[in-house]
Every structure is written in structure tokens, then in C-alpha cells.
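So the structure is just underneath, and the comments pick up after that.
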Amino acid sequence: MPESNATVSLSLAQDLLAGKRRALARAITLIESTRPDHRAVAEAMLAEVLPQTGRSMRLGISGVPGVGKSSFIEVLGGKLIEAGHKVAVLAIDPSSRRTGGSILGDKTRMEELARNPSAFIRPSPTGGSLGGVARRTREGMLACEAAGFDVVIVETVGVGQSETAVADMVDLFLLLLLPSGGDELQGIKKGVVEIADLLVVNKADGEMAEAAARAAAEYQSALRMLRPLSDAWQVPVLRCSALTGTGVAEVWQAVERYRDALGEPGLARRRADQARAWLWSEIDDTLLARFRRHPAVAEALPAAERAVMAGETTPGLAADRLLKTFGVEPKEPR
Ligand code: GDP
């Protein structure tokens, strides 16, 4: 890295640790950049602040569009800030890649929180694979922690693979649900319920209060079948209303109970496992990207795919050939 870049990353790291918002915004812009010189600065900056990271509650929140994620985060964030916390909200929005538009990205969300000096809200980085977006969000989370945010919320729409990516980077994964009960359980992927550490039925107010109570009971019994019993943590099903604020404080109490149940060693283990998984996904992503970009591989790929699809070559043989083109000798016999 050129000397000037090293200077930039060092002074950025210092500003970040001093809690300067503009430094945080700039740090995240660099993290999200695809320019190699920006990446180099971002990586050096992250290495510099790494010892000052990790001191936050990392909370993942997911749920279908319209369930009330932004309303909930607005209320929860407000309460946390009142209690003296600094709250950062990062979003992962898989839709922004596919459609150019985005489910999460519109500017009207969380208006009040966005104006609060103790909050920092950043919409999802666009472009690239989910893996790339996840990596940038993880790094963004570290930058927020370095800047003194002690609650980092990672929000994602419950429409695809992104829930797993979020669950893999947070301490606690909260799934917001509609008060429509069993029907909805058919609709949402059971896998998402399985990875949630906390289920919360939102919109438990007015005419929907009763339906919410029924839904909560149904989820509770569904959980018994879906999740093996754990001594450390029984996944609770709570109810709240992001509209009236009822039950939101209780959700945070459950988050704190969860953290207590996990304990410091449990939390350290969860994060260590996540860091190792992150290492491997970095390696996987980088190798795959290099492979696809390799000129001779790129040239041979379409024909190889055609041959495999037509049944003229086995996938194994075609892969061996392509990998050899890339400079990797065929796999050893298993
Ligand atoms: P998101 O797409 O998950 O972020 O959902 P929003 O927070 O944008 O909420 C979607 C709609 O549901 C909005 O019209 C909200 O006003 C409404 N909403 C959110 N939370 C509640 C709630 O607790 N009760 C009721 N009745 N409406 C809510």
C-alpha cells in the first residue's frame, strides 16, 4: 500500500475511534467500494481498529415486507437511545441487487431515528453477490463498533438466503412475524424459524390482538417440533406492537436474557465460529471470482456448460478440465 494510503487509513481509524460520524460514513463507503485502492485503505483501517470492536450487542432482525421491521426498529432504537445506548442500523437487502429498486432502501424509513445523533442508519450496499454484501455488512458492523455504537442492528427482508447470512453475523437473530399464525408458518421457510433465537409477533394491537395471541401460541407449539430442546436457551415467542410500543421493551429484555444465558464464553464461541466461517467464505468467494475471471476459463466455460447440459461430458470431467486450465491439477482420487 502506498504511504499516502497508509496515512489515510490511520487518520480515518483515529477519527473513527473518536466517534466522528463523518469518519464512520466514509469508512463504510470505502468498505463498500469495489476499487482496489479503497479496499486497501478499508482493510488497513479495519485492522487498526479491530481491537476496539466487538463491544456491541449484535442483533439481526428479519421478517417479510410489511411485517413492521422499520416501525419496530424505530421504536426499539428510540427506547435504547433513551436508555443511553448508541444504535447503528445496517441493512441487507437482496432485492436491491435484482431489481435495481429495493424493498428496504427508501428514504422515508425510520425517519425519527435517522435524525437522532445517537443513531446511525445505513441502507444496504447494492450490487454484488449476497456473499459480497454480507462481507461488507460485517465490516460495516466492525466500523460501527469502533465508532462507539454499542447496539448494532442488521436488518434484512425475509425473502431469501439473506436471513442465514445475517444469523451468521449477529449474536441474536430475531424474526418478526405477522399475526396470521399457522397459515404464515406454511408460507415462510421453516428454516428461518429454525435459526431464529427469538420470535416476535408484531401488530398485536386493536383488532389484531387476538389473532396475535393465537399466532404466538401456534408458533410456540410449532417451535417444539422444529427446534431441539436446548438447556441454554428456550426460544421465546413474544408479542408486541410497533404502532403503540406495547411489548417492545419486553423484547429487549428477552435479548438481554439471551445474552446472559449465552454468557461471555458462549458469546465468544459463537463469534469465533462466525469469524472462522467468514474466513472460509472469503476464501470461497475470492477463489471462485478469480476462477470465473481467468481468461482461459471464461473462454472455455460456455462450451463446458453446454457439453455438461447435453450429457456429452460428465460434470466431474468438465470441472477437472476447467480447473486444470485455471492451474489446479485434477482432484485426487477419493
Ligand atoms: P417493514 O416492511 O417490515 O419495514 O414494515 P413497516 O415498518 O414499513 O410497516 C408496514 C406497515 O405496517 C406500515 O403501514 C406500518 O404503519 C404498519 N405497522 C407496523 N407495525 C405495526 C403494528 O405494530 N401495528 C399495526 N397495526 N401496524 C403496524
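Chain identifiers are assigned as A, B, and so on, following the order in which chains appear in the C-alpha cells; residues are numbered from 1 within each chain, and ligands are numbered from 1 in order of appearance.
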I need the alpha helix (DSSP H) residues of stretch 140-179 of chain A per DSSP on the backbone, written as a PyMOL selection string. chain A and resi 140-146+162-167
Quick one: residues within 10 Å of A:Glu43, only C-alpha atoms, excluding same-chain residues fewer than 3 positions away - as a VMD selection string? chain A and resid 9 27 30 to 31 37 to 40 46 to 48 139
Given only C-alpha atoms and all ligand atoms as the counted atoms, nearest of A:Glu32, A:Asp93, A:Glu282, A:Glu299 to ligand 1: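 Among the listed residues, A:Asp93 lies closest to ligand 1.
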Residue among A:Val133, A:Gln52, A:Val200, A:Phe326 lying closest to ligand 1, counting only C-alpha atoms and all ligand atoms: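 The closest residue to ligand 1 is A:Val200.
Minimum atom-to-atom distance to ligand 1, evaluated using only C-alpha atoms and all ligand atoms, belongs to A:Ala242 out of A:Ala242, A:Ala88, A:Ala146, A:Ala25.
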Could you tell me which of A:Arg109, A:Arg55, A:Arg270, A:His294 comes closest to ligand 1 if we count only C-alpha atoms and all ligand atoms?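 Of A:Arg109, A:Arg55, A:Arg270, A:His294, the one nearest ligand 1, counting only C-alpha atoms and all ligand atoms, is A:Arg109.
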Proximity check chain A to ligand 1, 10 Å, nearest pairs one decimal Å, only C-alpha atoms and all ligand atoms, as a tab-separated table:
```
residue	atom	partner	partner_atom_place_in_ligand_line	distance
A:Ile61	CA	ligand 1	3 (O)	9.6
A:Ser62	CA	ligand 1	3 (O)	8.0
A:Gly63	CA	ligand 1	3 (O)	6.2
A:Val64	CA	ligand 1	3 (O)	6.1
A:Pro65	CA	ligand 1	2 (O)	3.9
A:Gly66	CA	ligand 1	2 (O)	3.6
A:Val67	CA	ligand 1	3 (O)	4.1
A:Gly68	CA	ligand 1	5 (O)	3.2
A:Lys69	CA	ligand 1	3 (O)	3.6
A:Ser70	CA	ligand 1	4 (O)	3.9
A:Ser71	CA	ligand 1	7 (O)	3.7
A:Phe72	CA	ligand 1	7 (O)	6.3
A:Ile73	CA	ligand 1	7 (O)	8.0
A:Glu74	CA	ligand 1	7 (O)	8.4
A:Val75	CA	ligand 1	20 (N)	9.7
A:Ile103	CA	ligand 1	2 (O)	7.3
A:Leu104	CA	ligand 1	4 (O)	6.9
A:Gly105	CA	ligand 1	4 (O)	9.9
A:Asp106	CA	ligand 1	8 (O)	10.0
A:Thr108	CA	ligand 1	8 (O)	9.2
A:Arg109	CA	ligand 1	8 (O)	6.9
A:Met110	CA	ligand 1	7 (O)	8.2
A:Glu155	CA	ligand 1	4 (O)	9.1
A:Thr156	CA	ligand 1	3 (O)	9.0
A:Val157	CA	ligand 1	3 (O)	7.3
A:Gly158	CA	ligand 1	3 (O)	8.9
A:Leu176	CA	ligand 1	3 (O)	8.2
A:Leu177	CA	ligand 1	3 (O)	9.4
A:Leu178	CA	ligand 1	23 (O)	9.3
A:Pro179	CA	ligand 1	24 (N)	9.7
A:Val201	CA	ligand 1	23 (O)	8.9
A:Asn202	CA	ligand 1	23 (O)	5.1
A:Lys203	CA	ligand 1	23 (O)	3.3
A:Ala204	CA	ligand 1	23 (O)	6.1
A:Asp205	CA	ligand 1	24 (N)	5.9
A:Gly206	CA	ligand 1	26 (N)	7.1
A:Glu207	CA	ligand 1	26 (N)	8.4
A:Met208	CA	ligand 1	26 (N)	7.4
A:Ala209	CA	ligand 1	26 (N)	9.2
A:Arg239	CA	ligand 1	23 (O)	9.4
A:Cys240	CA	ligand 1	23 (O)	6.5
A:Ser241	CA	ligand 1	23 (O)	3.4
A:Ala242	CA	ligand 1	23 (O)	3.6
A:Leu243	CA	ligand 1	23 (O)	4.1
A:Thr244	CA	ligand 1	23 (O)	6.6
A:Gly245	CA	ligand 1	23 (O)	7.4
A:Thr246	CA	ligand 1	23 (O)	8.4
A:Gly247	CA	ligand 1	23 (O)	9.7
A:Val248	CA	ligand 1	23 (O)	9.6
```
Could you please write out, as a count of residues only, every residue of stretch 118-166 of chain A that DSSP assigns to strand (DSSP E or B)? 11
Between A:Pro236, A:Pro302, A:Gly140, A:Gly316, which is the closest to A:Val251 once you count only C-alpha atoms? A:Pro236
Could you pull the residues within 12 Å of A:Ala83, counting only C-alpha atoms, minus those fewer than 3 positions along the same chain, as a PyMOL selection string? chain A and resi 76-80+86-87+118+150-151+249+252
With N, CA, C and O atoms retained, could you export that selection as a PDB file, in the first residue's frame?
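And here is the file that came out, result_1.pdb:
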```pdb
ATOM      1  N   LEU A  76     -37.794   0.534  18.969  1.00  0.00           N
ATOM      2  CA  LEU A  76     -36.751  -0.075  19.804  1.00  0.00           C
ATOM      3  C   LEU A  76     -35.534   0.845  19.881  1.00  0.00           C
ATOM      4  O   LEU A  76     -34.990   1.079  20.973  1.00  0.00           O
ATOM      5  N   GLY A  77     -35.119   1.368  18.721  1.00  0.00           N
ATOM      6  CA  GLY A  77     -33.954   2.258  18.680  1.00  0.00           C
ATOM      7  C   GLY A  77     -34.162   3.472  19.575  1.00  0.00           C
ATOM      8  O   GLY A  77     -33.270   3.857  20.338  1.00  0.00           O
ATOM      9  N   GLY A  78     -35.354   4.051  19.507  1.00  0.00           N
ATOM     10  CA  GLY A  78     -35.665   5.215  20.343  1.00  0.00           C
ATOM     11  C   GLY A  78     -35.538   4.888  21.828  1.00  0.00           C
ATOM     12  O   GLY A  78     -34.923   5.629  22.599  1.00  0.00           O
ATOM     13  N   LYS A  79     -36.080   3.727  22.208  1.00  0.00           N
ATOM     14  CA  LYS A  79     -36.015   3.318  23.624  1.00  0.00           C
ATOM     15  C   LYS A  79     -34.562   3.090  24.057  1.00  0.00           C
ATOM     16  O   LYS A  79     -34.161   3.468  25.157  1.00  0.00           O
ATOM     17  N   LEU A  80     -33.801   2.458  23.188  1.00  0.00           N
ATOM     18  CA  LEU A  80     -32.412   2.153  23.546  1.00  0.00           C
ATOM     19  C   LEU A  80     -31.605   3.434  23.707  1.00  0.00           C
ATOM     20  O   LEU A  80     -30.780   3.551  24.616  1.00  0.00           O
ATOM     21  N   LYS A  86     -26.034   3.761  21.992  1.00  0.00           N
ATOM     22  CA  LYS A  86     -25.855   4.298  20.637  1.00  0.00           C
ATOM     23  C   LYS A  86     -26.202   3.175  19.666  1.00  0.00           C
ATOM     24  O   LYS A  86     -25.672   2.067  19.780  1.00  0.00           O
ATOM     25  N   VAL A  87     -27.084   3.465  18.745  1.00  0.00           N
ATOM     26  CA  VAL A  87     -27.665   2.401  17.924  1.00  0.00           C
ATOM     27  C   VAL A  87     -27.329   2.586  16.444  1.00  0.00           C
ATOM     28  O   VAL A  87     -27.625   3.632  15.857  1.00  0.00           O
ATOM     29  N   SER A 118     -27.627   9.973  18.178  1.00  0.00           N
ATOM     30  CA  SER A 118     -27.092   8.723  18.743  1.00  0.00           C
ATOM     31  C   SER A 118     -27.419   7.507  17.875  1.00  0.00           C
ATOM     32  O   SER A 118     -27.198   6.377  18.280  1.00  0.00           O
ATOM     33  N   ASP A 150     -22.975   0.750  20.535  1.00  0.00           N
ATOM     34  CA  ASP A 150     -22.985  -0.457  21.375  1.00  0.00           C
ATOM     35  C   ASP A 150     -24.179  -1.370  21.097  1.00  0.00           C
ATOM     36  O   ASP A 150     -24.326  -2.412  21.731  1.00  0.00           O
ATOM     37  N   VAL A 151     -25.038  -0.945  20.181  1.00  0.00           N
ATOM     38  CA  VAL A 151     -26.063  -1.851  19.660  1.00  0.00           C
ATOM     39  C   VAL A 151     -26.000  -1.743  18.142  1.00  0.00           C
ATOM     40  O   VAL A 151     -26.124  -0.649  17.591  1.00  0.00           O
ATOM     41  N   ALA A 249     -40.319  -3.075  24.875  1.00  0.00           N
ATOM     42  CA  ALA A 249     -39.318  -3.123  25.947  1.00  0.00           C
ATOM     43  C   ALA A 249     -39.088  -4.574  26.391  1.00  0.00           C
ATOM     44  O   ALA A 249     -37.958  -4.977  26.682  1.00  0.00           O
ATOM     45  N   TRP A 252     -36.648  -6.331  24.211  1.00  0.00           N
ATOM     46  CA  TRP A 252     -35.251  -6.040  24.548  1.00  0.00           C
ATOM     47  C   TRP A 252     -34.817  -6.789  25.811  1.00  0.00           C
ATOM     48  O   TRP A 252     -33.698  -7.279  25.902  1.00  0.00           O
TER      49      TRP A 252
END
```
Could you pull the residues within 10 Å of A:Leu24, counting only C-alpha atoms, minus those fewer than 3 positions along the same chain, as an MDAnalysis selection string? chainID A and resid 12:13 15:17 19:21 27:30 120 140 143:147
Let's have the selection written as an mmCIF file, in the first residue's frame, with C-alpha atoms.
```cif
data_model
loop_
_atom_site.group_PDB
_atom_site.id
_atom_site.type_symbol
_atom_site.label_atom_id
_atom_site.label_comp_id
_atom_site.auth_asym_id
_atom_site.auth_seq_id
_atom_site.Cartn_x
_atom_site.Cartn_y
_atom_site.Cartn_z
ATOM 1 C CA LEU A 12 -9.547 7.523 9.377
ATOM 2 C CA ALA A 13 -9.077 4.910 12.087
ATOM 3 C CA ASP A 15 -11.400 9.659 13.633
ATOM 4 C CA LEU A 16 -13.491 6.524 13.791
ATOM 5 C CA LEU A 17 -12.280 5.698 17.282
ATOM 6 C CA GLY A 19 -16.623 8.553 17.274
ATOM 7 C CA LYS A 20 -16.814 11.010 14.375
ATOM 8 C CA ARG A 21 -19.892 10.286 12.305
ATOM 9 C CA ALA A 27 -15.281 4.225 6.382
ATOM 10 C CA ILE A 28 -18.399 2.388 5.250
ATOM 11 C CA THR A 29 -18.217 3.972 1.799
ATOM 12 C CA LEU A 30 -14.656 2.687 1.490
ATOM 13 C CA PHE A 120 -26.593 5.759 12.552
ATOM 14 C CA GLY A 140 -19.571 -2.124 8.423
ATOM 15 C CA ALA A 143 -16.662 0.079 11.844
ATOM 16 C CA CYS A 144 -19.829 0.991 13.797
ATOM 17 C CA GLU A 145 -18.448 -0.726 16.890
ATOM 18 C CA ALA A 146 -15.147 1.108 16.547
ATOM 19 C CA ALA A 147 -17.117 4.353 16.391
#
```
Compare A:Arg227, A:Val49, A:Arg271, A:Glu210 by their minimum atom-to-atom distance to A:Ala167, counting only C-alpha atoms, and give me the closest one. A:Arg271
